[in-house]
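Here is structure_6.pdb, consisting of PDB, C-alpha atoms, pLDDT in the B column:
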ATOM      1  CA  MET A   1       5.334  17.438   4.230  1.00 63.00           C
ATOM      2  CA  ALA A   2       2.385  19.721   4.541  1.00 78.00           C
ATOM      3  CA  ASP A   3       2.736  23.465   4.061  1.00 92.00           C
ATOM      4  CA  ALA A   4       2.986  25.282   7.415  1.00 95.00           C
ATOM      5  CA  GLU A   5       1.045  28.301   6.150  1.00 96.00           C
ATOM      6  CA  LYS A   6      -1.816  26.098   4.935  1.00 96.00           C
ATOM      7  CA  ILE A   7      -1.927  24.359   8.302  1.00 96.00           C
ATOM      8  CA  LYS A   8      -2.046  27.670  10.152  1.00 96.00           C
ATOM      9  CA  LYS A   9      -4.748  28.979   7.821  1.00 96.00           C
ATOM     10  CA  ILE A  10      -6.923  25.942   8.541  1.00 96.00           C
ATOM     11  CA  CYS A  11      -6.204  26.219  12.277  1.00 97.00           C
ATOM     12  CA  ASP A  12      -7.359  29.835  12.105  1.00 96.00           C
ATOM     13  CA  ILE A  13     -10.764  28.659  10.858  1.00 96.00           C
ATOM     14  CA  TYR A  14     -11.160  26.630  14.072  1.00 96.00           C
ATOM     15  CA  ASP A  15      -9.868  29.453  16.294  1.00 96.00           C
ATOM     16  CA  TRP A  16     -13.201  31.057  17.170  1.00 93.00           C
ATOM     17  CA  ASP A  17     -11.697  33.052  20.062  1.00 93.00           C
ATOM     18  CA  GLY A  18      -8.718  34.416  18.101  1.00 95.00           C
ATOM     19  CA  LYS A  19      -6.169  33.060  20.616  1.00 96.00           C
ATOM     20  CA  GLY A  20      -3.879  31.508  18.017  1.00 96.00           C
ATOM     21  CA  GLU A  21      -4.618  28.073  19.469  1.00 97.00           C
ATOM     22  CA  LEU A  22      -6.356  24.988  18.148  1.00 97.00           C
ATOM     23  CA  ASP A  23      -8.743  23.004  20.302  1.00 97.00           C
ATOM     24  CA  MET A  24      -7.139  19.556  20.028  1.00 98.00           C
ATOM     25  CA  PHE A  25     -10.578  18.063  19.508  1.00 97.00           C
ATOM     26  CA  PHE A  26     -10.172  19.279  15.901  1.00 97.00           C
ATOM     27  CA  LEU A  27      -6.657  17.947  15.134  1.00 97.00           C
ATOM     28  CA  GLY A  28      -7.989  15.198  12.858  1.00 94.00           C
ATOM     29  CA  ASP A  29     -10.245  17.673  11.081  1.00 94.00           C
ATOM     30  CA  VAL A  30      -7.275  19.928  10.317  1.00 96.00           C
ATOM     31  CA  ILE A  31      -5.308  17.005   8.889  1.00 93.00           C
ATOM     32  CA  TYR A  32      -8.306  15.881   6.863  1.00 88.00           C
ATOM     33  CA  ALA A  33      -8.820  19.432   5.529  1.00 91.00           C
ATOM     34  CA  LEU A  34      -5.264  19.285   4.218  1.00 90.00           C
ATOM     35  CA  GLY A  35      -6.251  16.267   2.127  1.00 82.00           C
ATOM     36  CA  TYR A  36      -4.774  13.532   4.323  1.00 85.00           C
ATOM     37  CA  ASN A  37      -6.673  10.613   5.776  1.00 78.00           C
ATOM     38  CA  ILE A  38      -4.904   9.833   9.053  1.00 83.00           C
ATOM     39  CA  THR A  39      -6.364   7.344  11.518  1.00 84.00           C
ATOM     40  CA  LYS A  40      -7.974   8.521  14.729  1.00 87.00           C
ATOM     41  CA  LYS A  41      -5.514   6.321  16.640  1.00 88.00           C
ATOM     42  CA  ILE A  42      -2.607   8.370  15.300  1.00 91.00           C
ATOM     43  CA  CYS A  43      -4.384  11.666  16.054  1.00 93.00           C
ATOM     44  CA  VAL A  44      -5.197  10.572  19.605  1.00 94.00           C
ATOM     45  CA  GLY A  45      -1.572   9.499  20.057  1.00 94.00           C
ATOM     46  CA  LEU A  46      -0.577  13.045  19.120  1.00 96.00           C
ATOM     47  CA  GLY A  47      -2.964  14.639  21.606  1.00 97.00           C
ATOM     48  CA  GLN A  48      -6.386  14.787  19.976  1.00 97.00           C
ATOM     49  CA  THR A  49      -9.119  14.796  22.602  1.00 97.00           C
ATOM     50  CA  ASP A  50     -12.600  13.303  22.563  1.00 95.00           C
ATOM     51  CA  GLU A  51     -14.144  16.429  24.088  1.00 96.00           C
ATOM     52  CA  ARG A  52     -13.998  20.092  23.154  1.00 96.00           C
ATOM     53  CA  ASP A  53     -12.268  22.692  25.326  1.00 96.00           C
ATOM     54  CA  LYS A  54     -10.043  20.168  27.133  1.00 96.00           C
ATOM     55  CA  LYS A  55      -6.654  20.767  25.484  1.00 97.00           C
ATOM     56  CA  PHE A  56      -5.262  23.455  23.192  1.00 97.00           C
ATOM     57  CA  ALA A  57      -2.114  23.802  21.093  1.00 98.00           C
ATOM     58  CA  LYS A  58      -0.441  26.826  19.503  1.00 97.00           C
ATOM     59  CA  PHE A  59      -0.570  26.826  15.698  1.00 97.00           C
ATOM     60  CA  ASP A  60       3.215  26.258  15.445  1.00 97.00           C
ATOM     61  CA  ASP A  61       2.830  23.164  17.624  1.00 97.00           C
ATOM     62  CA  VAL A  62       0.012  21.931  15.395  1.00 97.00           C
ATOM     63  CA  VAL A  63       2.314  22.274  12.377  1.00 97.00           C
ATOM     64  CA  LYS A  64       4.793  19.968  14.133  1.00 96.00           C
ATOM     65  CA  LEU A  65       2.030  17.511  15.071  1.00 96.00           C
ATOM     66  CA  VAL A  66       0.770  17.351  11.481  1.00 96.00           C
ATOM     67  CA  GLY A  67       4.320  16.625  10.351  1.00 94.00           C
ATOM     68  CA  GLU A  68       4.586  13.832  12.904  1.00 93.00           C
ATOM     69  CA  ALA A  69       1.257  12.390  11.782  1.00 92.00           C
ATOM     70  CA  LEU A  70       2.331  12.367   8.140  1.00 90.00           C
ATOM     71  CA  ASN A  71       5.632  10.708   9.028  1.00 89.00           C
ATOM     72  CA  THR A  72       3.951   7.979  11.053  1.00 86.00           C
ATOM     73  CA  LYS A  73       4.550   4.640   9.389  1.00 74.00           C
ATOM     74  CA  GLU A  74       0.959   3.463   9.852  1.00 71.00           C
ATOM     75  CA  ASN A  75      -0.689   6.600   8.455  1.00 64.00           C
ATOM     76  CA  GLN A  76      -1.974   4.796   5.373  1.00 66.00           C
ATOM     77  CA  GLY A  77      -2.474   1.322   4.034  1.00 70.00           C
ATOM     78  CA  GLY A  78      -0.054  -0.566   1.861  1.00 76.00           C
ATOM     79  CA  PRO A  79      -0.239  -3.533  -0.506  1.00 87.00           C
ATOM     80  CA  ALA A  80      -0.585  -6.081   2.309  1.00 87.00           C
ATOM     81  CA  ASP A  81      -3.493  -4.126   3.809  1.00 84.00           C
ATOM     82  CA  TYR A  82      -5.230  -3.912   0.423  1.00 89.00           C
ATOM     83  CA  MET A  83      -4.771  -7.640  -0.130  1.00 93.00           C
ATOM     84  CA  GLU A  84      -6.318  -8.382   3.264  1.00 92.00           C
ATOM     85  CA  LEU A  85      -9.276  -6.164   2.419  1.00 90.00           C
ATOM     86  CA  CYS A  86      -9.805  -7.943  -0.898  1.00 94.00           C
ATOM     87  CA  LYS A  87      -9.595 -11.332   0.826  1.00 96.00           C
ATOM     88  CA  LEU A  88     -12.635 -10.345   2.881  1.00 95.00           C
ATOM     89  CA  TYR A  89     -14.600 -10.323  -0.388  1.00 96.00           C
ATOM     90  CA  ASP A  90     -12.975 -13.468  -1.843  1.00 96.00           C
ATOM     91  CA  LYS A  91     -16.025 -15.712  -1.467  1.00 93.00           C
ATOM     92  CA  ASN A  92     -14.436 -18.634  -3.316  1.00 94.00           C
ATOM     93  CA  GLU A  93     -11.037 -18.249  -1.597  1.00 96.00           C
ATOM     94  CA  ASN A  94      -9.345 -18.428  -4.996  1.00 97.00           C
ATOM     95  CA  GLY A  95      -7.843 -14.946  -5.358  1.00 97.00           C
ATOM     96  CA  THR A  96     -10.896 -13.433  -7.021  1.00 97.00           C
ATOM     97  CA  MET A  97     -13.657 -11.093  -5.949  1.00 97.00           C
ATOM     98  CA  MET A  98     -16.622  -9.534  -7.644  1.00 96.00           C
ATOM     99  CA  LEU A  99     -15.705  -6.443  -9.608  1.00 95.00           C
ATOM    100  CA  ALA A 100     -18.988  -4.838  -8.500  1.00 94.00           C
ATOM    101  CA  GLU A 101     -17.921  -5.171  -4.848  1.00 94.00           C
ATOM    102  CA  LEU A 102     -14.607  -3.440  -5.519  1.00 93.00           C
ATOM    103  CA  GLU A 103     -16.457  -0.731  -7.422  1.00 91.00           C
ATOM    104  CA  ASN A 104     -18.752  -0.243  -4.423  1.00 89.00           C
ATOM    105  CA  LEU A 105     -15.790  -0.092  -2.018  1.00 86.00           C
ATOM    106  CA  LEU A 106     -13.996   2.515  -4.085  1.00 85.00           C
ATOM    107  CA  SER A 107     -17.146   4.573  -4.653  1.00 82.00           C
ATOM    108  CA  ASN A 108     -18.613   4.641  -1.179  1.00 79.00           C
ATOM    109  CA  LEU A 109     -16.059   4.090   1.572  1.00 70.00           C
ATOM    110  CA  ALA A 110     -14.037   6.897   3.156  1.00 59.00           C
ATOM    111  CA  ASP A 111     -13.897   9.732   0.616  1.00 62.00           C
ATOM    112  CA  GLU A 112     -16.566   9.227  -1.999  1.00 70.00           C
ATOM    113  CA  VAL A 113     -14.982   8.788  -5.425  1.00 78.00           C
ATOM    114  CA  PRO A 114     -17.179   9.698  -8.404  1.00 85.00           C
ATOM    115  CA  LYS A 115     -18.396   6.624 -10.293  1.00 87.00           C
ATOM    116  CA  GLU A 116     -16.798   7.786 -13.549  1.00 91.00           C
ATOM    117  CA  ASP A 117     -13.404   8.016 -11.787  1.00 90.00           C
ATOM    118  CA  VAL A 118     -13.868   4.521 -10.343  1.00 90.00           C
ATOM    119  CA  ALA A 119     -14.751   3.213 -13.809  1.00 92.00           C
ATOM    120  CA  ALA A 120     -11.558   4.777 -15.210  1.00 93.00           C
ATOM    121  CA  ILE A 121      -9.428   3.262 -12.424  1.00 92.00           C
ATOM    122  CA  LEU A 122     -10.929  -0.184 -12.935  1.00 94.00           C
ATOM    123  CA  LYS A 123     -10.578   0.018 -16.715  1.00 94.00           C
ATOM    124  CA  GLU A 124      -6.910   0.892 -16.392  1.00 95.00           C
ATOM    125  CA  LEU A 125      -5.875  -1.350 -13.486  1.00 95.00           C
ATOM    126  CA  ALA A 126      -8.272  -4.305 -13.206  1.00 95.00           C
ATOM    127  CA  ASP A 127      -8.297  -7.434 -15.352  1.00 96.00           C
ATOM    128  CA  PRO A 128     -11.610  -8.112 -17.092  1.00 95.00           C
ATOM    129  CA  GLU A 129     -14.236  -9.867 -15.030  1.00 94.00           C
ATOM    130  CA  ASP A 130     -15.285 -13.389 -15.897  1.00 95.00           C
ATOM    131  CA  GLU A 131     -18.814 -14.468 -16.837  1.00 95.00           C
ATOM    132  CA  ASP A 132     -19.740 -14.600 -13.125  1.00 95.00           C
ATOM    133  CA  GLY A 133     -18.495 -11.076 -12.417  1.00 95.00           C
ATOM    134  CA  PHE A 134     -15.249 -12.096 -10.659  1.00 97.00           C
ATOM    135  CA  PHE A 135     -11.743 -10.818 -11.377  1.00 96.00           C
ATOM    136  CA  PRO A 136      -8.305 -11.594  -9.882  1.00 97.00           C
ATOM    137  CA  TYR A 137      -7.545  -8.900  -7.316  1.00 96.00           C
ATOM    138  CA  LYS A 138      -3.791  -9.443  -6.805  1.00 96.00           C
ATOM    139  CA  PRO A 139      -2.815  -7.973 -10.206  1.00 96.00           C
ATOM    140  CA  PHE A 140      -5.108  -5.016  -9.495  1.00 95.00           C
ATOM    141  CA  VAL A 141      -3.449  -4.357  -6.106  1.00 94.00           C
ATOM    142  CA  ASP A 142       0.012  -4.758  -7.668  1.00 93.00           C
ATOM    143  CA  ARG A 143      -0.799  -2.218 -10.400  1.00 93.00           C
ATOM    144  CA  LEU A 144      -2.474   0.159  -7.974  1.00 88.00           C
ATOM    145  CA  CYS A 145       0.513   0.199  -5.620  1.00 85.00           C
ATOM    146  CA  ALA A 146       3.038   0.489  -8.452  1.00 83.00           C
ATOM    147  CA  ALA A 147       1.431   3.681  -9.748  1.00 58.00           C
TER
END

Reformat the file's structure so that it appears as structure tokens.
Amino acid sequence: MADAEKIKKICDIYDWDGKGELDMFFLGDVIYALGYNITKKICVGLGQTDERDKKFAKFDDVVKLVGEALNTKENQGGPADYMELCKLYDKNENGTMMLAELENLLSNLADEVPKEDVAAILKELADPEDEDGFFPYKPFVDRLCAA
């Protein structure tokens, strides 16, 4: 659960008028600023709007909404989702993908992860690549999700 004071502090940044209310256009931004990566679908389901100045919520209500978002079952991917993603890159349909493609995914999608951190993750969790640059992704996903 996120810290209520941190949530209110971030809400205050978006409260340009000093009303103690958050424009619900920024709900996802508040959650992201807390370090969580919640889908837009979840945020919209909790009242996020697509336009500014359409709907507002008191900071205490935002704290409750953030809690709901974090408790939503679909707020992040799991092993099955990661396997499906890897299958998109399984050109030979044999449970392998190119290690360079996984490195690119980890480095450049969503939050950018520094290349040295990606290298450390792959060194620790991925099996060595073969002479063609492929590695089995299921053991990697299993190790990643067990951590």

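Once all atoms listed in the file are considered, the residues situated within 12 Å of the file point (-13.7, 2.4, -15.6) turn out to be Leu99, Ala100, Leu102, Glu103, Leu106, Ser107, Pro114, Lys115, Glu116, Asp117, Val118, Ala119, Ala120, Ile121, Leu122, Lys123, Glu124, Leu125, Ala126, Asp127 and Pro128 of chain A.
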
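Ranking A:Asp50, A:Glu84, A:Glu129, A:Asp60 by their shortest atom-to-atom distance to Lys6 (chain A), with only C-alpha atoms included, puts A:Asp60 first.
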
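One finds CA of Met98 (chain A) at 28.6 Å from CA of Tyr36 (chain A).
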
(request) Would you kindly translate the PyMOL selection byres ((chain A and resi 68) around 12) into the concrete residues it picks from this file, as a PyMOL selection string? (result) chain A and resi 1-2+31+38+42-43+45-47+61-67+69-75

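Here CA of Asp142 (chain A) stands at a distance of 20.3 Å from CA of Val113 (chain A).
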
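Here CA of Lys91 (chain A) and CA of Leu144 (chain A) stand 21.9 Å from one another.
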
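The shortest atom-to-atom distance to Lys55 (chain A), with all atoms listed in the file taken into account, belongs to A:Met24 out of A:Gly95, A:Lys87, A:Leu34, A:Met24.
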
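With distances taken over all atoms listed in the file, A:Glu21 is the one residue among A:Glu21, A:Ala80, A:Asn92, A:Glu101 lying closest to Asp53 (chain A).
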
(request) Excluding Met97 (chain A) and any residue of its chain fewer than 2 positions from it, enumerate the residues within 6 Å of it, using only C-alpha atoms, and give them as a list in words. (result) Tyr89, Asp90, Phe134 and Phe135 of chain A

Return the padded bounding box of region 17-36 of chain A as AutoDock Vina command-line options: axis-aligned, built from all atoms listed in the file, 4 Å added on each side, with centre and edge lengths in Å to one decimal.
--center_x -7.8 --center_y 24.0 --center_z 11.4 --size_x 15.8 --size_y 28.9 --size_z 26.5

(request) Name the residues within 10 Å of (-0.2, -10.2, -5.9), counting all atoms listed in the file in the file's coordinates, and put them as a PyMOL selection string. (result) chain A and resi 79-80+83+95+136-143

(request) Give me the result of the PyMOL selection byres ((chain A and resi 9) around 12) on this file, residue by residue, as an MDAnalysis selection string. (result) chainID A and resid 3:8 10:15 20:22 30 33:34 59:60 62:63
